[in-house]
>>> print(open('start_31.cif').read())   # mmCIF, C-alpha atoms
data_work
loop_
_atom_site.label_atom_id
_atom_site.label_comp_id
_atom_site.auth_asym_id
_atom_site.auth_seq_id
_atom_site.Cartn_x
_atom_site.Cartn_y
_atom_site.Cartn_z
CA MET A 1 101.24 -65.73 -154.67
CA ALA A 2 104.96 -66.28 -154.06
CA PHE A 3 106.67 -68.87 -156.22
CA LEU A 4 109.41 -69.93 -153.78
CA THR A 5 108.49 -71.55 -150.49
CA GLU A 6 110.25 -73.27 -147.62
CA GLN A 7 106.98 -75.00 -146.68
CA PRO A 8 105.72 -78.32 -148.09
CA ILE A 9 103.75 -77.85 -151.30
CA ASP A 10 100.08 -78.79 -151.22
CA VAL A 11 99.37 -79.69 -154.86
CA THR A 12 95.62 -80.02 -154.18
CA ALA A 13 95.42 -76.52 -152.71
CA LEU A 14 97.52 -75.13 -155.58
CA ALA A 15 95.11 -76.67 -158.10
CA ALA A 16 92.06 -75.45 -156.17
CA SER A 17 93.40 -71.89 -156.31
CA ILE A 18 92.87 -71.79 -160.08
CA ALA A 19 89.82 -74.04 -160.50
CA ALA A 20 86.54 -72.49 -161.65
CA PRO A 21 83.21 -73.77 -163.03
CA GLU A 22 83.93 -72.44 -166.54
CA ARG A 23 87.26 -74.28 -166.72
CA GLY A 24 86.69 -77.90 -167.70
CA ALA A 25 90.35 -78.91 -167.64
CA LEU A 26 92.73 -78.95 -164.69
CA VAL A 27 96.24 -80.33 -165.21
CA THR A 28 98.84 -80.64 -162.46
CA PHE A 29 102.49 -81.57 -162.49
CA ALA A 30 104.39 -82.46 -159.33
CA GLY A 31 108.15 -82.97 -159.41
CA LEU A 32 109.19 -85.24 -156.54
CA VAL A 33 112.60 -85.81 -154.98
CA ARG A 34 113.78 -89.17 -156.30
CA ASP A 35 116.24 -91.59 -154.72
CA HIS A 36 118.78 -91.67 -157.56
CA HIS A 37 120.64 -89.50 -160.05
CA ALA A 38 123.30 -90.42 -162.59
CA GLY A 39 123.66 -93.93 -161.14
CA ARG A 40 124.07 -92.75 -157.54
CA THR A 41 121.81 -93.17 -154.53
CA VAL A 42 120.40 -89.82 -153.42
CA VAL A 43 119.45 -89.56 -149.73
CA SER A 44 118.41 -85.89 -149.61
CA LEU A 45 119.00 -82.57 -151.32
CA ARG A 46 118.96 -78.84 -150.81
CA TYR A 47 117.51 -76.25 -153.16
CA THR A 48 118.81 -72.70 -153.06
CA ALA A 49 117.73 -69.75 -155.18
CA TYR A 50 118.37 -66.13 -155.92
CA GLY A 51 114.94 -65.18 -154.58
CA PRO A 52 114.21 -61.77 -156.11
CA MET A 53 115.35 -62.86 -159.56
CA ALA A 54 113.54 -66.21 -159.32
CA GLU A 55 110.27 -64.49 -158.39
CA THR A 56 110.62 -61.99 -161.25
CA ILE A 57 111.42 -64.64 -163.86
CA CYS A 58 108.56 -66.81 -162.63
CA ALA A 59 106.17 -63.87 -162.97
CA ASP A 60 107.47 -63.31 -166.51
CA ILE A 61 106.86 -66.97 -167.38
CA LEU A 62 103.29 -66.75 -166.06
CA CYS A 63 102.64 -63.63 -168.17
CA GLU A 64 104.08 -65.36 -171.23
CA VAL A 65 102.01 -68.53 -170.80
CA ARG A 66 98.79 -66.52 -170.54
CA LYS A 67 99.66 -64.77 -173.82
CA ARG A 68 100.18 -68.14 -175.55
CA TRP A 69 97.16 -70.04 -174.15
CA PRO A 70 93.84 -69.08 -172.51
CA VAL A 71 94.81 -70.54 -169.13
CA HIS A 72 95.13 -69.83 -165.43
CA VAL A 73 98.35 -71.01 -163.77
CA ALA A 74 99.74 -71.46 -160.26
CA VAL A 75 103.29 -72.60 -159.48
CA ALA A 76 105.39 -73.32 -156.39
CA HIS A 77 108.99 -74.44 -155.89
CA ARG A 78 110.53 -75.57 -152.59
CA ILE A 79 113.79 -74.23 -151.31
CA GLY A 80 115.74 -75.59 -148.39
CA ASP A 81 116.33 -79.19 -147.33
CA LEU A 82 114.12 -81.89 -148.88
CA VAL A 83 113.96 -85.65 -148.48
CA ILE A 84 113.04 -88.45 -150.86
CA GLY A 85 109.39 -88.19 -151.89
CA ASP A 86 108.96 -84.49 -151.08
CA THR A 87 107.30 -82.35 -153.73
CA ALA A 88 110.03 -80.05 -155.05
CA VAL A 89 107.99 -78.19 -157.68
CA ALA A 90 104.34 -78.07 -158.68
CA VAL A 91 102.49 -76.53 -161.61
CA ALA A 92 98.71 -76.33 -161.89
CA VAL A 93 96.96 -75.14 -165.05
CA SER A 94 93.25 -74.70 -165.65
CA ALA A 95 91.54 -73.93 -168.94
CA ALA A 96 88.25 -74.38 -170.73
CA HIS A 97 89.68 -77.33 -172.67
CA ARG A 98 92.31 -80.03 -172.01
CA SER A 99 94.59 -79.32 -174.98
CA ALA A 100 95.52 -75.84 -173.79
CA ALA A 101 95.92 -77.02 -170.19
CA PHE A 102 98.27 -79.89 -171.09
CA GLU A 103 100.35 -77.83 -173.51
CA ALA A 104 100.66 -74.89 -171.13
CA CYS A 105 101.59 -77.11 -168.16
CA ARG A 106 104.40 -78.77 -170.11
CA TRP A 107 105.64 -75.40 -171.37
CA VAL A 108 105.64 -73.84 -167.88
CA ILE A 109 107.65 -76.62 -166.19
CA ASP A 110 110.17 -76.66 -169.05
CA GLU A 111 110.61 -72.88 -168.83
CA LEU A 112 110.93 -72.96 -165.03
CA LYS A 113 113.66 -75.61 -165.21
CA HIS A 114 115.49 -73.74 -167.96
CA ARG A 115 115.23 -70.10 -166.81
CA VAL A 116 114.70 -69.75 -163.07
CA PRO A 117 117.87 -69.40 -160.91
CA ILE A 118 117.36 -72.37 -158.58
CA TRP A 119 120.22 -74.73 -157.73
CA LYS A 120 120.13 -78.28 -156.40
CA ARG A 121 122.80 -79.82 -154.14
CA GLU A 122 122.39 -83.58 -153.75
CA ARG A 123 123.57 -85.71 -150.84
CA TYR A 124 124.45 -89.31 -151.71
CA GLY A 125 124.39 -92.61 -149.84
CA ASP A 126 128.19 -92.71 -149.70
CA GLY A 127 128.30 -89.38 -147.81
CA SER A 128 129.46 -87.29 -150.77
CA GLU A 129 127.63 -84.25 -152.17
CA ALA A 130 127.41 -82.59 -155.57
CA TRP A 131 125.71 -79.67 -157.28
CA VAL A 132 123.49 -80.79 -160.14
CA ASP A 133 124.93 -79.21 -163.28
CA PRO A 134 123.58 -80.42 -166.62
CA THR A 135 126.57 -78.83 -168.39
CA ALA A 136 129.15 -80.82 -166.36
CA PRO A 137 130.41 -84.31 -167.25
CA GLY A 138 128.06 -86.77 -165.54
CA GLY A 139 125.60 -83.96 -164.78
CA VAL A 140 127.10 -82.95 -161.43
CA THR A 141 129.92 -80.89 -159.95
CA GLU A 142 131.38 -82.63 -156.91
CA VAL A 143 131.65 -80.79 -153.60
CA ALA A 144 135.06 -81.05 -151.94
CA SER A 145 134.95 -82.62 -148.48
#
>>> encode(input="start_31.cif", output="structure tokens")
Amino acid sequence: MAFLTEQPIDVTALAASIAAPERGALVTFAGLVRDHHAGRTVVSLRYTAYGPMAETICADILCEVRKRWPVHVAVAHRIGDLVIGDTAVAVAVSAAHRSAAFEACRWVIDELKHRVPIWKRERYGDGSEAWVDPTAPGGVTEVAS
């Protein structure tokens, strides 16, 4: 299964892809596009990625999580233009027991956010745009008009 998609993410279908009768726990995380960031009104955003590298790193993360916990995992991340309320990223984890599923789900989303080369460009209510950059003052790098 590809990690990056330009299509809307169906969290229910993602979860169903890893569900099984012997797995009593199913944990999902959905990251939604919110209407604010750093005190500004967000109206939409665009995700871009270095596709081949993103897919490879995601595959590495999935291998690593299965070595740490006895789980099955499915992930998806949108690229392209998104609007408020769209699902930007989803993680589904199934396991025999809830502890492993919760821990693995949290670990996977944290690793995805930290390691995968995906960039977010926000559009604001005042017409300005900025790249989200946690290392920059205020968490964004403004885009010149």
>>> closest_atom_pairs(input="start_31.cif", of="stretch 32-124 of chain A", to="stretch 2-19 of chain A", cutoff="12 Å", atoms="only C-alpha atoms", output="JSON lines")
{"residue": "A:Leu32", "atom": "CA", "partner": "A:Ile9", "partner_atom": "CA", "distance": 10.6}
{"residue": "A:Arg46", "atom": "CA", "partner": "A:Glu6", "partner_atom": "CA", "distance": 10.8}
{"residue": "A:Tyr47", "atom": "CA", "partner": "A:Glu6", "partner_atom": "CA", "distance": 9.6}
{"residue": "A:Thr48", "atom": "CA", "partner": "A:Leu4", "partner_atom": "CA", "distance": 9.8}
{"residue": "A:Ala49", "atom": "CA", "partner": "A:Leu4", "partner_atom": "CA", "distance": 8.4}
{"residue": "A:Tyr50", "atom": "CA", "partner": "A:Leu4", "partner_atom": "CA", "distance": 10.0}
{"residue": "A:Gly51", "atom": "CA", "partner": "A:Leu4", "partner_atom": "CA", "distance": 7.3}
{"residue": "A:Pro52", "atom": "CA", "partner": "A:Leu4", "partner_atom": "CA", "distance": 9.7}
{"residue": "A:Met53", "atom": "CA", "partner": "A:Leu4", "partner_atom": "CA", "distance": 10.9}
{"residue": "A:Ala54", "atom": "CA", "partner": "A:Leu4", "partner_atom": "CA", "distance": 7.8}
{"residue": "A:Glu55", "atom": "CA", "partner": "A:Phe3", "partner_atom": "CA", "distance": 6.1}
{"residue": "A:Thr56", "atom": "CA", "partner": "A:Phe3", "partner_atom": "CA", "distance": 9.4}
{"residue": "A:Ile57", "atom": "CA", "partner": "A:Phe3", "partner_atom": "CA", "distance": 9.9}
{"residue": "A:Cys58", "atom": "CA", "partner": "A:Phe3", "partner_atom": "CA", "distance": 7.0}
{"residue": "A:Ala59", "atom": "CA", "partner": "A:Phe3", "partner_atom": "CA", "distance": 8.4}
{"residue": "A:Asp60", "atom": "CA", "partner": "A:Phe3", "partner_atom": "CA", "distance": 11.7}
{"residue": "A:Ile61", "atom": "CA", "partner": "A:Phe3", "partner_atom": "CA", "distance": 11.3}
{"residue": "A:Leu62", "atom": "CA", "partner": "A:Phe3", "partner_atom": "CA", "distance": 10.6}
{"residue": "A:Val71", "atom": "CA", "partner": "A:Ile18", "partner_atom": "CA", "distance": 9.3}
{"residue": "A:His72", "atom": "CA", "partner": "A:Ile18", "partner_atom": "CA", "distance": 6.1}
{"residue": "A:Val73", "atom": "CA", "partner": "A:Ile18", "partner_atom": "CA", "distance": 6.7}
{"residue": "A:Ala74", "atom": "CA", "partner": "A:Leu14", "partner_atom": "CA", "distance": 6.3}
{"residue": "A:Val75", "atom": "CA", "partner": "A:Phe3", "partner_atom": "CA", "distance": 6.0}
{"residue": "A:Ala76", "atom": "CA", "partner": "A:Phe3", "partner_atom": "CA", "distance": 4.6}
{"residue": "A:His77", "atom": "CA", "partner": "A:Leu4", "partner_atom": "CA", "distance": 5.0}
{"residue": "A:Arg78", "atom": "CA", "partner": "A:Thr5", "partner_atom": "CA", "distance": 5.0}
{"residue": "A:Ile79", "atom": "CA", "partner": "A:Glu6", "partner_atom": "CA", "distance": 5.2}
{"residue": "A:Gly80", "atom": "CA", "partner": "A:Glu6", "partner_atom": "CA", "distance": 6.0}
{"residue": "A:Asp81", "atom": "CA", "partner": "A:Glu6", "partner_atom": "CA", "distance": 8.5}
{"residue": "A:Leu82", "atom": "CA", "partner": "A:Pro8", "partner_atom": "CA", "distance": 9.2}
{"residue": "A:Val83", "atom": "CA", "partner": "A:Pro8", "partner_atom": "CA", "distance": 11.0}
{"residue": "A:Gly85", "atom": "CA", "partner": "A:Pro8", "partner_atom": "CA", "distance": 11.2}
{"residue": "A:Asp86", "atom": "CA", "partner": "A:Pro8", "partner_atom": "CA", "distance": 7.6}
{"residue": "A:Thr87", "atom": "CA", "partner": "A:Ile9", "partner_atom": "CA", "distance": 6.2}
{"residue": "A:Ala88", "atom": "CA", "partner": "A:Ile9", "partner_atom": "CA", "distance": 7.6}
{"residue": "A:Val89", "atom": "CA", "partner": "A:Ile9", "partner_atom": "CA", "distance": 7.7}
{"residue": "A:Ala90", "atom": "CA", "partner": "A:Val11", "partner_atom": "CA", "distance": 6.5}
{"residue": "A:Val91", "atom": "CA", "partner": "A:Leu14", "partner_atom": "CA", "distance": 7.9}
{"residue": "A:Ala92", "atom": "CA", "partner": "A:Ala15", "partner_atom": "CA", "distance": 5.2}
{"residue": "A:Val93", "atom": "CA", "partner": "A:Ile18", "partner_atom": "CA", "distance": 7.3}
{"residue": "A:Ser94", "atom": "CA", "partner": "A:Ala19", "partner_atom": "CA", "distance": 6.2}
{"residue": "A:Ala95", "atom": "CA", "partner": "A:Ala19", "partner_atom": "CA", "distance": 8.6}
{"residue": "A:Ala96", "atom": "CA", "partner": "A:Ala19", "partner_atom": "CA", "distance": 10.4}
{"residue": "A:Ala101", "atom": "CA", "partner": "A:Ile18", "partner_atom": "CA", "distance": 11.8}
{"residue": "A:Cys105", "atom": "CA", "partner": "A:Ala15", "partner_atom": "CA", "distance": 12.0}
{"residue": "A:Leu112", "atom": "CA", "partner": "A:Phe3", "partner_atom": "CA", "distance": 10.6}
{"residue": "A:Val116", "atom": "CA", "partner": "A:Phe3", "partner_atom": "CA", "distance": 10.6}
{"residue": "A:Pro117", "atom": "CA", "partner": "A:Leu4", "partner_atom": "CA", "distance": 11.1}
{"residue": "A:Ile118", "atom": "CA", "partner": "A:Leu4", "partner_atom": "CA", "distance": 9.6}
>>> closest_residue(input="start_31.cif", among="A:Pro21, A:Arg121, A:Lys67, A:Ala130", to="A:Val33", atoms="all atoms listed in the file")
A:Arg121
>>> atom_distance(input="start_31.cif", atom1="atom CA of A:Ala25", atom2="atom CA of A:Arg98")
4.9 Å
>>> atom_distance(input="start_31.cif", atom1="atom CA of A:Leu45", atom2="atom CA of A:Lys120")
6.7 Å
>>> closest_residue(input="start_31.cif", among="A:Cys63, A:Ala30, A:Ile109, A:Val143", to="A:Glu122", atoms="only C-alpha atoms")
A:Val143
>>> axis_aligned_box(input="start_31.cif", around="stretch 83-98 of chain A", padding_each_side="5 Å", output="JSON")
{"center_x": 101.1, "center_y": -81.2, "center_z": -160.6, "size_x": 35.7, "size_y": 24.5, "size_z": 34.2}
>>> residues_near_point(input="start_31.cif", point="(123.8, -89.8, -166.7)", cutoff="8 Å", atoms="only C-alpha atoms", output="MDAnalysis selection string")
chainID A and resid 37:39 138:139
>>> decode(input="start_31.cif", residues="stretch 1-38 of chain A", atoms="N, CA, C and O atoms", output="mmCIF file, in the first residue's frame")
data_model
loop_
_atom_site.group_PDB
_atom_site.id
_atom_site.type_symbol
_atom_site.label_atom_id
_atom_site.label_comp_id
_atom_site.auth_asym_id
_atom_site.auth_seq_id
_atom_site.Cartn_x
_atom_site.Cartn_y
_atom_site.Cartn_z
ATOM 1 N N MET A 1 0.841 -1.196 0.000
ATOM 2 C CA MET A 1 0.000 0.000 0.000
ATOM 3 C C MET A 1 0.877 1.247 0.000
ATOM 4 O O MET A 1 1.822 1.351 0.776
ATOM 5 N N ALA A 2 0.577 2.185 -0.861
ATOM 6 C CA ALA A 2 1.317 3.449 -0.908
ATOM 7 C C ALA A 2 0.946 4.298 0.302
ATOM 8 O O ALA A 2 -0.191 4.284 0.780
ATOM 9 N N PHE A 3 1.913 5.026 0.783
ATOM 10 C CA PHE A 3 1.736 5.905 1.930
ATOM 11 C C PHE A 3 1.141 7.240 1.499
ATOM 12 O O PHE A 3 0.193 7.731 2.085
ATOM 13 N N LEU A 4 1.689 7.844 0.455
ATOM 14 C CA LEU A 4 1.218 9.142 -0.036
ATOM 15 C C LEU A 4 0.022 8.964 -0.963
ATOM 16 O O LEU A 4 -0.012 8.042 -1.768
ATOM 17 N N THR A 5 -0.938 9.876 -0.850
ATOM 18 C CA THR A 5 -2.101 9.820 -1.715
ATOM 19 C C THR A 5 -2.623 11.227 -1.986
ATOM 20 O O THR A 5 -2.556 12.090 -1.110
ATOM 21 N N GLU A 6 -3.131 11.429 -3.176
ATOM 22 C CA GLU A 6 -3.810 12.683 -3.502
ATOM 23 C C GLU A 6 -5.310 12.564 -3.269
ATOM 24 O O GLU A 6 -6.033 13.552 -3.379
ATOM 25 N N GLN A 7 -5.772 11.371 -2.946
ATOM 26 C CA GLN A 7 -7.198 11.103 -2.748
ATOM 27 C C GLN A 7 -7.573 11.277 -1.277
ATOM 28 O O GLN A 7 -6.731 11.107 -0.395
ATOM 29 N N PRO A 8 -8.833 11.590 -0.985
ATOM 30 C CA PRO A 8 -9.269 11.647 0.419
ATOM 31 C C PRO A 8 -8.972 10.332 1.131
ATOM 32 O O PRO A 8 -9.057 9.252 0.535
ATOM 33 N N ILE A 9 -8.634 10.425 2.401
ATOM 34 C CA ILE A 9 -8.298 9.242 3.193
ATOM 35 C C ILE A 9 -9.559 8.713 3.860
ATOM 36 O O ILE A 9 -10.261 9.452 4.554
ATOM 37 N N ASP A 10 -9.813 7.442 3.666
ATOM 38 C CA ASP A 10 -10.934 6.754 4.305
ATOM 39 C C ASP A 10 -10.371 6.017 5.521
ATOM 40 O O ASP A 10 -9.810 4.925 5.395
ATOM 41 N N VAL A 11 -10.510 6.624 6.704
ATOM 42 C CA VAL A 11 -9.939 6.055 7.921
ATOM 43 C C VAL A 11 -10.581 4.701 8.234
ATOM 44 O O VAL A 11 -9.892 3.774 8.669
ATOM 45 N N THR A 12 -11.862 4.548 7.983
ATOM 46 C CA THR A 12 -12.544 3.280 8.242
ATOM 47 C C THR A 12 -11.964 2.172 7.368
ATOM 48 O O THR A 12 -11.708 1.056 7.852
ATOM 49 N N ALA A 13 -11.750 2.446 6.104
ATOM 50 C CA ALA A 13 -11.176 1.445 5.200
ATOM 51 C C ALA A 13 -9.734 1.127 5.585
ATOM 52 O O ALA A 13 -9.308 -0.035 5.517
ATOM 53 N N LEU A 14 -8.979 2.150 5.996
ATOM 54 C CA LEU A 14 -7.600 1.932 6.433
ATOM 55 C C LEU A 14 -7.587 0.982 7.627
ATOM 56 O O LEU A 14 -6.809 0.028 7.670
ATOM 57 N N ALA A 15 -8.465 1.227 8.607
ATOM 58 C CA ALA A 15 -8.543 0.375 9.789
ATOM 59 C C ALA A 15 -8.982 -1.045 9.416
ATOM 60 O O ALA A 15 -8.426 -2.025 9.919
ATOM 61 N N ALA A 16 -9.947 -1.152 8.527
ATOM 62 C CA ALA A 16 -10.440 -2.472 8.118
ATOM 63 C C ALA A 16 -9.351 -3.299 7.438
ATOM 64 O O ALA A 16 -9.356 -4.530 7.535
ATOM 65 N N SER A 17 -8.403 -2.627 6.799
ATOM 66 C CA SER A 17 -7.339 -3.339 6.087
ATOM 67 C C SER A 17 -6.402 -4.097 7.022
ATOM 68 O O SER A 17 -5.660 -4.974 6.567
ATOM 69 N N ILE A 18 -6.417 -3.778 8.305
ATOM 70 C CA ILE A 18 -5.530 -4.467 9.252
ATOM 71 C C ILE A 18 -6.293 -5.175 10.375
ATOM 72 O O ILE A 18 -5.685 -5.752 11.274
ATOM 73 N N ALA A 19 -7.604 -5.135 10.340
ATOM 74 C CA ALA A 19 -8.410 -5.808 11.362
ATOM 75 C C ALA A 19 -8.414 -7.316 11.109
ATOM 76 O O ALA A 19 -8.333 -7.767 9.967
ATOM 77 N N ALA A 20 -8.482 -8.082 12.202
ATOM 78 C CA ALA A 20 -8.558 -9.540 12.102
ATOM 79 C C ALA A 20 -9.148 -10.087 13.401
ATOM 80 O O ALA A 20 -9.024 -9.454 14.453
ATOM 81 N N PRO A 21 -9.785 -11.249 13.351
ATOM 82 C CA PRO A 21 -10.440 -11.799 14.539
ATOM 83 C C PRO A 21 -9.510 -12.011 15.730
ATOM 84 O O PRO A 21 -9.945 -11.905 16.877
ATOM 85 N N GLU A 22 -8.243 -12.290 15.492
ATOM 86 C CA GLU A 22 -7.305 -12.524 16.597
ATOM 87 C C GLU A 22 -6.741 -11.236 17.195
ATOM 88 O O GLU A 22 -6.017 -11.269 18.176
ATOM 89 N N ARG A 23 -7.089 -10.105 16.606
ATOM 90 C CA ARG A 23 -6.601 -8.813 17.099
ATOM 91 C C ARG A 23 -7.741 -8.106 17.818
ATOM 92 O O ARG A 23 -8.662 -7.584 17.191
ATOM 93 N N GLY A 24 -7.651 -8.041 19.139
ATOM 94 C CA GLY A 24 -8.722 -7.470 19.939
ATOM 95 C C GLY A 24 -8.645 -5.970 20.116
ATOM 96 O O GLY A 24 -9.537 -5.365 20.715
ATOM 97 N N ALA A 25 -7.585 -5.358 19.621
ATOM 98 C CA ALA A 25 -7.436 -3.900 19.749
ATOM 99 C C ALA A 25 -7.232 -3.292 18.371
ATOM 100 O O ALA A 25 -6.468 -3.808 17.559
ATOM 101 N N LEU A 26 -7.912 -2.187 18.139
ATOM 102 C CA LEU A 26 -7.756 -1.432 16.894
ATOM 103 C C LEU A 26 -7.762 0.046 17.266
ATOM 104 O O LEU A 26 -8.763 0.563 17.762
ATOM 105 N N VAL A 27 -6.630 0.695 17.050
ATOM 106 C CA VAL A 27 -6.472 2.112 17.395
ATOM 107 C C VAL A 27 -6.256 2.888 16.106
ATOM 108 O O VAL A 27 -5.459 2.484 15.258
ATOM 109 N N THR A 28 -6.966 4.017 15.971
ATOM 110 C CA THR A 28 -6.750 4.873 14.813
ATOM 111 C C THR A 28 -6.427 6.286 15.274
ATOM 112 O O THR A 28 -6.871 6.738 16.330
ATOM 113 N N PHE A 29 -5.639 6.952 14.466
ATOM 114 C CA PHE A 29 -5.361 8.377 14.648
ATOM 115 C C PHE A 29 -5.628 9.049 13.322
ATOM 116 O O PHE A 29 -5.159 8.580 12.277
ATOM 117 N N ALA A 30 -6.373 10.146 13.353
ATOM 118 C CA ALA A 30 -6.610 10.948 12.157
ATOM 119 C C ALA A 30 -6.204 12.381 12.454
ATOM 120 O O ALA A 30 -6.713 12.987 13.406
ATOM 121 N N GLY A 31 -5.274 12.902 11.679
ATOM 122 C CA GLY A 31 -4.871 14.299 11.789
ATOM 123 C C GLY A 31 -5.670 15.110 10.791
ATOM 124 O O GLY A 31 -5.602 14.860 9.582
ATOM 125 N N LEU A 32 -6.440 16.065 11.281
ATOM 126 C CA LEU A 32 -7.321 16.871 10.438
ATOM 127 C C LEU A 32 -6.752 18.265 10.215
ATOM 128 O O LEU A 32 -6.050 18.797 11.078
ATOM 129 N N VAL A 33 -7.082 18.862 9.090
ATOM 130 C CA VAL A 33 -6.685 20.240 8.811
ATOM 131 C C VAL A 33 -7.505 21.145 9.720
ATOM 132 O O VAL A 33 -8.741 21.130 9.682
ATOM 133 N N ARG A 34 -6.811 21.929 10.550
ATOM 134 C CA ARG A 34 -7.511 22.825 11.472
ATOM 135 C C ARG A 34 -7.533 24.247 10.910
ATOM 136 O O ARG A 34 -6.792 24.568 9.989
ATOM 137 N N ASP A 35 -8.371 25.078 11.514
ATOM 138 C CA ASP A 35 -8.601 26.427 10.989
ATOM 139 C C ASP A 35 -7.698 27.496 11.596
ATOM 140 O O ASP A 35 -7.937 28.686 11.407
ATOM 141 N N HIS A 36 -6.651 27.100 12.300
ATOM 142 C CA HIS A 36 -5.748 28.087 12.901
ATOM 143 C C HIS A 36 -4.350 27.500 13.090
ATOM 144 O O HIS A 36 -4.189 26.277 13.165
ATOM 145 N N HIS A 37 -3.376 28.380 13.143
ATOM 146 C CA HIS A 37 -1.997 28.012 13.464
ATOM 147 C C HIS A 37 -1.269 29.267 13.905
ATOM 148 O O HIS A 37 -1.325 30.297 13.221
ATOM 149 N N ALA A 38 -0.613 29.167 15.040
ATOM 150 C CA ALA A 38 0.203 30.272 15.557
ATOM 151 C C ALA A 38 -0.573 31.591 15.595
ATOM 152 O O ALA A 38 -0.060 32.640 15.223
#
